[in-house]
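Report on the following structure.
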Protein chains: 2
Amino acid sequence: MPSNGGPIRKDGPRRRVLLRDVAMLAKVSDSTASRALADDQRISAATRETVKAAAAELRYVPDAAARSLRVRRTRTLGLLLPDLRDPVHGQVASAFEQEARQQGYSVMVVAGERDLVRERLALRIFTEHASDGVAIVSSVLSPRELRERIDPDRLVLVWPDHHSLPRRSGPPIRGVIQTDDASGMRSAVDHLLDAGCRRIAYAEGGVRASNAIRAETVAATLRDRGIRTPMRTFAAPVDAWRNPGDLAAEIAADLPEALVCYDDQLALGLMDALRNLGVRIPDDMGIVGFDGIPFAAISNPRLTTVAVPSAEMGRVAASSLIQAVHEGAMPDGVLLPLELVVRESTRGAAIREGQP
Amino acid sequence: MPSNGGPIRKDGPRRRVLLRDVAMLAKVSDSTASRALADDQRISAATRETVKAAAAELRYVPDAAARSLRVRRTRTLGLLLPDLRDPVHGQVASAFEQEARQQGYSVMVVAGERDLVRERLALRIFTEHASDGVAIVSSVLSPRELRERIDPDRLVLVWPDHHSLPRRSGPPIRGVIQTDDASGMRSAVDHLLDAGCRRIAYAEGGVRASNAIRAETVAATLRDRGIRTPMRTFAAPVDAWRNPGDLAAEIAADLPEALVCYDDQLALGLMDALRNLGVRIPDDMGIVGFDGIPFAAISNPRLTTVAVPSAEMGRVAASSLIQAVHEGAMPDGVLLPLELVVRESTRGAAIREGQP
DNA sequence: TACGGTTGCGCAATCGGTTGCAGGTGAGGG
DNA sequence: CCCTCACCTGCAACCGATTGCGCAACCGTA
């Protein structure tokens, strides 16, 4: 009894259809079948049709592993981001995947959870699977280490905070997609000042580098506009968004005229906690978020925020990588502008002071 | 001049390190190197150490394509879901990816956008890449077609709506992860009735099958509890969440005592639009959502909702697939319970009628 | 009929690991 | 001193598709 004998299974567990099977059915060689499916002009139109018909009949699906082993291309992109749950990264991931898919690429996604070890593991995974390109969204690894582990010609850094990268003047660094956080934050503070607020505070978020640039910009803008009142900073515990009660109490005790928050999630969480404490927004205090997540538009009150073009970031990241694959070199980076969206959460401030 | 000569590049564009290189450095054959790295006991401990040291020194990363071509395993899972942007699927994807990663698997994710063609394309992609397992979240394709295109032994259906599947009594169908939408919805309606509401309406959502079961359950519960007032249904336009103004106007005109919504996003959108129209929630009308997305907990008023264990769904989906890979057969499915979370958006209703 | 030029197709090598099988080496016992 | 038996290690085939190169068949023409 041959080892492959044994009890005859109905059909085996669905044996994979190989190119060889297609070739046999079409009565041509493997190579001809391969070329026919690739629409190689050296194969006669008639043969091509025959092969394609055979492939369709057998529902042939080529094996990506075998192909990419030979052609050294996987048509796969790697995406590393901190967390798939938060709205901003969800948007980025969604746009990235959509753009990739439309251009015929698949996406392997890893959530690094802002953890060094996990992020390094992700890079290893991308290398193992020989991703044609890799996009890193706001990593805790240094750009230097990233470029060392992944060929810079197939690497895109989606870096919300452009100060954490060495910034040379001139055009954006190749392969870096940035947002102009400073300008965005500046416009938010300008808005508050124009509305007559003077005592402006800042509520910190958990991500160090991008928090720093935002906080500094708020302070700098106040200085530039000649405000003498020092900016108070409220330090957020790590799980501030999940449990903003203590932070809110601190803020309520001080009650600045306006509060600029690290991001929308923090702002919305604080709005909720402050409501518990009887602080009315915007009447007692104005509040500004950052990111422009969808829920900021329908919160009560609706949240003024600095909108980040997250979908655009994901889209550009994917298309840059794909372009790099095809042209052999990474296109220039971009610096995306942010946009202040004024809503109810600062309207009261405007009314209170701005319209005497 | 040999063709591979030419100007000497500094190092080539980082030639990939092969197993062969490791073997040479360790002065053993490829096969020994391979076995050593796999901790094959037939290789002496000393040799294993040498090889591992060589691999570490060269920063060897095996080529997944080559390996899986041979072993017929990719350590990759496919995940098909409608949209990465919405909070529920973000949760599912996040938990799925995390569980997979912890067990040493990578995730290839495709957003099908509730489109037949794109979903079929996704399945093809998973087949090409020979995913060891595939999870489908709430597809527009029929379970029948799915099982035909993907080997059922490596397929998990994450199906929020368990009525759209042939439901036999007894244990859940293997490879199907369901939520008990009917019970969940029933508890929500019970809550409203207990609070004294009688004129209860339902606001439709865009997804046909799961919408149907939810609407029917509301109506059935009302009947069962002896309510004669017919349930009014508000039909939502497709983009109801993005533009719920018209729907809100219709609802405001009728103003039921309580409104049960297809999901949280619709509920929150309606709350916003109703606020514009001067409808106070919960005083003028109670409102209930479905899903338990994070923002439902901090909206103003906070939203009563039927919470779906989305993270659990993703986690179980991944672990079922991995178990199926290892054991050769798909484990039994599960029917996950939902939980009513009562918050402010129905408290007013309770006060108004429930405490005479 | 013979010959040059196309055109269409197939042979076989190749990508990089993994693994069945066989062979070599060393130690220990008679 | 030789033989046996483990114990390690290496050879070579294999996974499935792609592709450089060469050959066969067929055309028209001299």
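In the structure tokens, chains take letters A, B, ... by order of appearance, with residues numbered from 1 within each chain and ligands from 1 in the order shown.
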Kindly provide the residues of chain A that approach chain B to within 8 Å, each paired with its closest atom pair and their distance in Å to one decimal, based on only C-alpha atoms, listed by chain and increasing number, as CSV.
residue,atom,partner,partner_atom,distance
A:Arg14,CA,B:Asp151,CA,7.7
A:Val61,CA,B:Glu128,CA,6.0
A:Pro62,CA,B:Glu128,CA,5.8
A:Asp63,CA,B:Glu128,CA,5.0
A:Ala64,CA,B:His129,CA,5.1
A:Ala65,CA,B:Ala65,CA,4.5
A:Ala66,CA,B:Leu69,CA,6.0
A:Ser68,CA,B:Ala65,CA,6.8
A:Leu69,CA,B:Ala65,CA,5.8
A:Asp83,CA,B:Ser94,CA,7.1
A:Leu84,CA,B:Ser94,CA,5.2
A:Arg85,CA,B:Gly90,CA,4.9
A:Asp86,CA,B:Gly90,CA,7.7
A:Pro87,CA,B:Arg85,CA,6.7
A:Gly90,CA,B:Arg85,CA,4.9
A:Gln91,CA,B:Arg85,CA,5.4
A:Ala93,CA,B:Leu84,CA,7.0
A:Ser94,CA,B:Leu84,CA,5.2
A:Glu97,CA,B:Val110,CA,6.9
A:Gln98,CA,B:Ala111,CA,7.3
A:Arg101,CA,B:Val110,CA,8.0
A:Ser106,CA,B:Met108,CA,7.1
A:Val107,CA,B:Met108,CA,5.6
A:Met108,CA,B:Met108,CA,4.4
A:Val109,CA,B:Val107,CA,6.1
A:Val110,CA,B:Glu97,CA,6.9
A:Ala111,CA,B:Gln98,CA,7.3
A:Arg124,CA,B:Val61,CA,7.3
A:Ile125,CA,B:Ser106,CA,7.6
A:Thr127,CA,B:Val61,CA,7.1
A:Glu128,CA,B:Asp63,CA,5.0
A:His129,CA,B:Ala64,CA,5.1
A:Ala130,CA,B:Asp63,CA,7.1
A:Asp151,CA,B:Arg14,CA,7.8
A:Leu268,CA,B:Ile298,CA,7.3
A:Gly269,CA,B:Ile298,CA,6.5
A:Asp272,CA,B:Ile298,CA,5.6
A:Phe295,CA,B:Phe295,CA,7.7
A:Ile298,CA,B:Asp272,CA,5.6
A:Ser299,CA,B:Ser299,CA,6.3
A:Asn300,CA,B:Asn300,CA,5.5
Give the residues of chain A that lie within 8 Å of chain C; count only C-alpha atoms (C1' of nucleotides), and format the answer as a ChimeraX atom specification. /A:29,31-32,42-44,69-72
Return the neighbours of chain A among the residues of chain D, cut-off 9 Å, counting only C-alpha atoms (C1' of nucleotides), as a CSV table (one decimal) with C-alpha atoms (C1' of nucleotides), in the first residue's frame.
chain,number,residue,atom,x,y,z
D,15,DC,C1',7.4,23.4,-3.0
D,16,DG,C1',5.0,26.5,-7.6
D,17,DA,C1',5.6,30.0,-10.5
D,18,DT,C1',8.6,32.8,-13.9
D,19,DT,C1',11.8,33.5,-17.7
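Pairwise distance (CA of Arg147 (chain B), CA of Asp21 (chain A)) equals 22.9 Å.
Closest approach to Val325 (chain B) from the set B:Val22, B:Met313, B:Ala54, B:Val134 is made by B:Val134, with distances taken over only C-alpha atoms.
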Write out as a PyMOL selection string which residues come within 8 Å of Glu250 (chain B) when counting only C-alpha atoms (C1' of nucleotides), dropping same-chain ones fewer than 4 positions away. chain B and resi 234+246+254
When DSSP works through the backbone of this structure, what residues of region 202-322 of chain A end up as strand (DSSP E or B), shown as a PyMOL selection string? chain A and resi 202-203+232-234+258-261+286-291+304-307
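We find CA of Ala219 (chain A) and CA of Leu277 (chain A) to be spaced 27.1 Å apart.
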